[in-house]
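S.K.: Okay, handing you the structure first.
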Amino acid sequence: MKAFDYARATDLSDAIGASGCLIAGGTNLLDLMKLEVETPSALVDITRIGLNEIVPEGDGLRIGALVTNAACAADPAVRRGWPLLSRAILAGASPQLRNKATTAGNLCQRTRCSYFMDNRSACNKRQPGSGCAAIGGINRNHAILGTSDACIATYPGDMAVALAALGAQVEIEGPGGTRHIPVADFHRLPGEDPSRDNVLEVGEVITAVLLPAPVEARQIYRKVRDRASYAFALVSVAAVLRMQDGAIAQAKLAFGGVAHKPWIDPRVDSLLVGETPSKALFDKAADLLLEGAEGQGGNDFKIPLARRTLAAVLAEATAE
Amino acid sequence: MAQSPAARIAVNGVTYEFDGDVRRSLLDFLRRDLGLTGTKKGCDHGQCGACTVMVNGRRINSCLSLAVMHDGDEVTTIEGLGAADNLSALQKAFVSHDGFQCGYCTPGQICSAAAMMEEIREGWPSFASEDVAGRVHLDDEEIRERMSGNLCRCGAYANILTAIKEVMESGAKP
Ligand SMILES: Cc1cc2nc3c(=O)[nH]c(=O)nc-3n(C[C@H](O)[C@H](O)[C@H](O)COP(=O)(O)OP(=O)(O)OC[C@H]3O[C@@H](n4cnc5c(N)ncnc54)[C@H](O)[C@@H]3O)c2cc1C
Ligand code: SF4
Ligand code: FES
Ligand code: FES
């Protein structure tokens with residue numbers, strides 16, 4: 001690990017505009033610093049600045065940026081009103097990691113592309129302009145939607161996929177003030193500049209995630225992975241779906257493991273609403289979702305896998 | 001903002017001052033600075049659980065944490081749970097049920113299991129829970145999921161499960 005200066009922030013104002021790299025749980029940043037993929041010259045420890053509570057806000061909830069993943073998943077209000085969020089968090093990492101991982105750190109976790117994590121490989125995300133070793137390389141984990149010629153990596157997290165389906169917002173404070181961004185718009189597509197994972201600007205700090213009022217709907221998180229636990233998603237589906245009189249009255253879906261961000265396709269949600277569930281309908285939804293999907297060789301299997309996972313989730317969500 | 005502050009860290013009830021290299025992980029601090037070699041280094045990347053210790057009663061991977069960030073924390077390692085002449089209930093159960101072969105993962109397994117028992121006592125759900133909002137119905141699948149952060153290269157999982165279940169059912173202090 002490269003040497004760095006360490007400073008301990010005592011309140012939020014120390015963190016906003018700080019010249020060093022913020023560290024929270026450290027479970028992603030330290031991993032990458034050991035590999036020297038991340039080489040910050042200064043770390044600012046934000047674990048002592050507060051922002052570690054979950055409190056009601058309007059009919060929704062404010063989850064502080066430093067709330068651990070474990071505390072969020074175990075929170076009685078979250079479990080009652082937004083069980084999808086609990087379940088998605090519990091689907092990720094391990095109990096030990098979730099005890100350290102924080103809400104903001106989880107949102108900002110970097111891709112698990114193995115070339116990104118290996119300094120000897122070409123990687124436009126790590127070293128802009130160096131190329132992308134995953135294109136034509138080992139790309140079993142990689143994206144099938146929204147890729148670019150510069151990068152085909154996925155955003156690997158689970159929590160954000162649930163938050164996107166739940167319509168949550170990220171609260172960000174910067175030197176210029178506060179802004180709110182829907183979780184679904186927080187992560188970027190790689191485009192020409194894969195070095196930027198999300199829309200955070202230098203000096204900005206995530207202060208909270210805001211959940212809107214709970215919806216009376218079925219909430220499902222289904223994660224398909226290489227082993228039963230403690231593995232990243234190959235494909236995951238988050239669904240918030242309400243039935244009325246035998247038809248789908250409301251549907252909000254988000255997909256993990258398929259793109260550089262939690263993938264949302266409002267056309268698929270609209271296609272489902274007002275319809276009676278059937279295999280034909282689920283097929284139509286998958287056709288629309290995957291119309292632009294493109295395999296890279298190793299990850300071709302994700303296209304049928306996403307189709308089947310979507311069908312299974314819709315069947316479960318619409319079952320009597 | 002405090003620049004390059006030191007850290008006071010309590011380990012198994014004894015407080016130490018840390019002002020070493022800020023790159024040092026909590027794991028290396030325990031093993032190299034304090035000589036508490038019960039905690040093991042497997043992967044050093046959060047992937048195996050061999051380095052599991054408890055910080056303020058919660059289990060974490062000590063390899064993915066900087067010692068300097070633990071100012072004011074209370075750390076419990078396997079040495080703090082029991083000793084050869086005074087084994088804890090989990091340690092005894094691991095011995096009597098052959099909950100290990102090489103033993104490398106065992107300190108992590110035991111620290112993890114002890115903290116897991118507290119999480120269950122507090123009603124925390126797991127991915128194996130039928131209803132995350134409901135009460136926890138403890139079965140083998142629940143315990144396996146909750147212990148999935150501890151890998152065992154020797155595959156002693158079946159006996160690890162038996163050992164943990166015995167202690168949980170007995171209601172003994174882990
Ligand atoms: C073996 C292993 C398996 C895993 N499996 C999964 C999995 O299955 N699913 C899953 O979702 N995740 C998984 N993870 C990832 C884990 O969830 C993340 O490492 C964790 O959530 C990161 O949170 P942290 O607080 O530790 O972040 P840190 O490592 O402290 O920080 C990560 C990034 O976030 C930035 N940051 C932190 N806080 C703020 C803030 N308030 N404002 C702005 N920027 C901030 C940091 O600067 C840094 O760039 C796994 C990790 C490991 C090691
Ligand atoms: S897919 Fe993205 S992260 Fe992976 S090597 Fe290519 S540019 Fe880098
Ligand atoms: S050594 Fe820490 S998880 Fe493997
Ligand atoms: S007993 Fe050998 S690794 Fe678990």
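Residues in the structure tokens are numbered from 1 in each chain, the chains being A, B, ... in the order shown, and ligands are numbered from 1 in the order shown.
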Compute the set of chain B residues within 6 Å of chain A, using only C-alpha atoms, and express it as a PyMOL selection string.
M.R.: chain B and resi 1-4+45+59-61+64+124+126-127+133+149
S.K.: Can I get the selected residues back with C-alpha atoms, as a compact mmCIF listing (two decimals), in the first residue's frame?
M.R.:
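Output contents, as saved in out-v9.txt:
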```
# COMPACT_ATOMS: atom_id res chain seq x y z
CA MET B 1 -9.87 18.08 11.74
CA ALA B 2 -7.23 16.09 13.64
CA GLN B 3 -4.11 15.51 11.49
CA SER B 4 -2.25 12.21 12.09
CA HIS B 45 -9.06 -8.91 1.29
CA ARG B 59 -17.89 -8.95 14.20
CA ILE B 60 -15.73 -7.41 11.47
CA ASN B 61 -12.90 -8.44 9.17
CA LEU B 64 -10.01 -4.48 5.92
CA TRP B 124 -31.56 -9.32 13.28
CA SER B 126 -30.76 -12.73 7.49
CA PHE B 127 -31.14 -13.44 3.79
CA ALA B 133 -39.89 -8.17 9.21
CA GLY B 149 -18.68 -14.95 5.95
```
S.K.: Residues contacting ligand 4 - anything with an atom at most 6 Å away, using only C-alpha atoms and all ligand atoms - can you give me those as an mmCIF file with N, CA, C and O atoms, in the first residue's frame?
M.R.:
```cif
data_model
loop_
_atom_site.group_PDB
_atom_site.id
_atom_site.type_symbol
_atom_site.label_atom_id
_atom_site.label_comp_id
_atom_site.auth_asym_id
_atom_site.auth_seq_id
_atom_site.Cartn_x
_atom_site.Cartn_y
_atom_site.Cartn_z
ATOM 1 N N PHE B 100 -13.196 -28.606 13.377
ATOM 2 C CA PHE B 100 -12.050 -28.127 12.594
ATOM 3 C C PHE B 100 -11.190 -29.298 12.190
ATOM 4 O O PHE B 100 -11.284 -30.380 12.766
ATOM 5 N N GLN B 101 -10.334 -29.028 11.167
ATOM 6 C CA GLN B 101 -9.305 -30.006 10.812
ATOM 7 C C GLN B 101 -7.942 -29.343 10.999
ATOM 8 O O GLN B 101 -7.279 -29.564 11.988
ATOM 9 N N CYS B 102 -7.571 -28.433 10.084
ATOM 10 C CA CYS B 102 -6.279 -27.751 10.287
ATOM 11 C C CYS B 102 -6.375 -26.687 11.379
ATOM 12 O O CYS B 102 -5.384 -26.328 12.007
ATOM 13 N N GLY B 103 -7.562 -26.141 11.595
ATOM 14 C CA GLY B 103 -7.765 -25.147 12.653
ATOM 15 C C GLY B 103 -7.519 -23.709 12.259
ATOM 16 O O GLY B 103 -7.690 -22.800 13.067
ATOM 17 N N TYR B 104 -7.113 -23.493 11.000
ATOM 18 C CA TYR B 104 -6.740 -22.141 10.608
ATOM 19 C C TYR B 104 -7.929 -21.174 10.638
ATOM 20 O O TYR B 104 -7.803 -20.010 11.029
ATOM 21 N N CYS B 105 -9.089 -21.647 10.248
ATOM 22 C CA CYS B 105 -10.257 -20.761 10.185
ATOM 23 C C CYS B 105 -10.953 -20.650 11.533
ATOM 24 O O CYS B 105 -11.854 -19.842 11.707
ATOM 25 N N THR B 106 -10.542 -21.498 12.501
ATOM 26 C CA THR B 106 -11.323 -21.686 13.731
ATOM 27 C C THR B 106 -11.464 -20.432 14.601
ATOM 28 O O THR B 106 -12.585 -20.127 15.032
ATOM 29 N N CYS B 152 -14.178 -22.294 5.288
ATOM 30 C CA CYS B 152 -13.323 -23.331 5.866
ATOM 31 C C CYS B 152 -12.763 -24.156 4.729
ATOM 32 O O CYS B 152 -13.497 -24.885 4.077
ATOM 33 N N ARG B 153 -11.458 -24.019 4.488
ATOM 34 C CA ARG B 153 -10.814 -24.699 3.371
ATOM 35 C C ARG B 153 -10.857 -26.214 3.563
ATOM 36 O O ARG B 153 -10.803 -26.980 2.626
ATOM 37 N N CYS B 154 -10.931 -26.643 4.836
ATOM 38 C CA CYS B 154 -10.986 -28.082 5.115
ATOM 39 C C CYS B 154 -12.418 -28.621 5.012
ATOM 40 O O CYS B 154 -12.629 -29.824 5.148
ATOM 41 N N ALA B 156 -14.998 -28.271 7.122
ATOM 42 C CA ALA B 156 -15.523 -28.817 8.384
ATOM 43 C C ALA B 156 -16.921 -28.273 8.706
ATOM 44 O O ALA B 156 -17.363 -28.309 9.854
#
```
S.K.: Please return, as a ChimeraX atom specification, all residues of segment 1-123 of chain A that DSSP assigns to strand (DSSP E or B) on the basis of the backbone.
M.R.: /A:5-8,21-23,42-45,54-57,60-64,68,102,123
S.K.: Return as a VMD selection string the residues of protein, DNA or RNA that approach ligand 2 to within 10 Å, with only C-alpha atoms and all ligand atoms taken into account.
M.R.: chain A and resid 110 to 118 121 to 139 141 to 143 147 to 155 190 193 to 195 197 260
S.K.: Name the residues in contact with Pro277 of chain A at a cut-off of 7 Å, using only C-alpha atoms, excluding same-chain residues fewer than 4 positions from it; report them as an MDAnalysis selection string.
M.R.: chainID A and resid 247 281 318
S.K.: If you run DSSP on this backbone, which residues of segment 44-210 of chain A come out as alpha helix (DSSP H), and could you give them as a PyMOL selection string?
M.R.: chain A and resi 69-74+76-81+83-90+95-100+103-107+159-165+183-186
S.K.: How would the residues just chosen look if you wrote them out with C-alpha atoms as a PDB file, in the first residue's frame?
M.R.:
```pdb
ATOM      1  CA  ASN A  69     -25.427  -1.872   6.117  1.00  0.00           C
ATOM      2  CA  ALA A  70     -26.068  -4.230   9.046  1.00  0.00           C
ATOM      3  CA  ALA A  71     -27.890  -1.575  11.068  1.00  0.00           C
ATOM      4  CA  CYS A  72     -29.987  -0.534   8.092  1.00  0.00           C
ATOM      5  CA  ALA A  73     -31.033  -4.098   7.257  1.00  0.00           C
ATOM      6  CA  ALA A  74     -31.947  -4.763  10.907  1.00  0.00           C
ATOM      7  CA  PRO A  76     -37.435  -2.248  12.449  1.00  0.00           C
ATOM      8  CA  ALA A  77     -38.902   0.601  10.347  1.00  0.00           C
ATOM      9  CA  VAL A  78     -36.929  -0.433   7.247  1.00  0.00           C
ATOM     10  CA  ARG A  79     -37.967  -4.067   7.690  1.00  0.00           C
ATOM     11  CA  ARG A  80     -41.642  -3.150   8.030  1.00  0.00           C
ATOM     12  CA  GLY A  81     -42.023  -0.542   5.301  1.00  0.00           C
ATOM     13  CA  PRO A  83     -38.384  -4.974   3.302  1.00  0.00           C
ATOM     14  CA  LEU A  84     -36.889  -4.945  -0.207  1.00  0.00           C
ATOM     15  CA  LEU A  85     -34.064  -2.778   1.090  1.00  0.00           C
ATOM     16  CA  SER A  86     -33.345  -5.083   4.027  1.00  0.00           C
ATOM     17  CA  ARG A  87     -33.341  -8.088   1.779  1.00  0.00           C
ATOM     18  CA  ALA A  88     -31.073  -6.585  -0.861  1.00  0.00           C
ATOM     19  CA  ILE A  89     -28.540  -5.544   1.778  1.00  0.00           C
ATOM     20  CA  LEU A  90     -28.679  -8.994   3.390  1.00  0.00           C
ATOM     21  CA  PRO A  95     -22.229 -10.214   8.106  1.00  0.00           C
ATOM     22  CA  GLN A  96     -18.721  -9.039   9.016  1.00  0.00           C
ATOM     23  CA  LEU A  97     -18.494  -6.755   5.982  1.00  0.00           C
ATOM     24  CA  ARG A  98     -22.016  -5.410   6.500  1.00  0.00           C
ATOM     25  CA  ASN A  99     -21.082  -4.396  10.049  1.00  0.00           C
ATOM     26  CA  LYS A 100     -18.460  -2.020   8.614  1.00  0.00           C
ATOM     27  CA  THR A 103     -24.751   3.416   3.172  1.00  0.00           C
ATOM     28  CA  ALA A 104     -22.665   5.960   1.230  1.00  0.00           C
ATOM     29  CA  GLY A 105     -19.650   3.671   0.846  1.00  0.00           C
ATOM     30  CA  ASN A 106     -21.897   0.968  -0.531  1.00  0.00           C
ATOM     31  CA  LEU A 107     -23.315   3.354  -3.163  1.00  0.00           C
ATOM     32  CA  MET A 159     -28.432  -2.128  -2.046  1.00  0.00           C
ATOM     33  CA  ALA A 160     -28.602   0.507  -4.789  1.00  0.00           C
ATOM     34  CA  VAL A 161     -30.699  -1.798  -6.996  1.00  0.00           C
ATOM     35  CA  ALA A 162     -33.356  -1.964  -4.276  1.00  0.00           C
ATOM     36  CA  LEU A 163     -33.097   1.794  -3.653  1.00  0.00           C
ATOM     37  CA  ALA A 164     -33.609   2.476  -7.371  1.00  0.00           C
ATOM     38  CA  ALA A 165     -36.786   0.357  -7.426  1.00  0.00           C
ATOM     39  CA  VAL A 183     -30.543   6.794  -6.820  1.00  0.00           C
ATOM     40  CA  ALA A 184     -31.456   5.660 -10.338  1.00  0.00           C
ATOM     41  CA  ASP A 185     -29.543   8.673 -11.739  1.00  0.00           C
ATOM     42  CA  PHE A 186     -26.634   8.602  -9.291  1.00  0.00           C
TER      43      PHE A 186
END
```
S.K.: As a quick test: using only C-alpha atoms and all ligand atoms, which residues lie no more than 6 Å away from ligand 3? Give them as a PyMOL selection string.
M.R.: chain B and resi 41-51+61-63
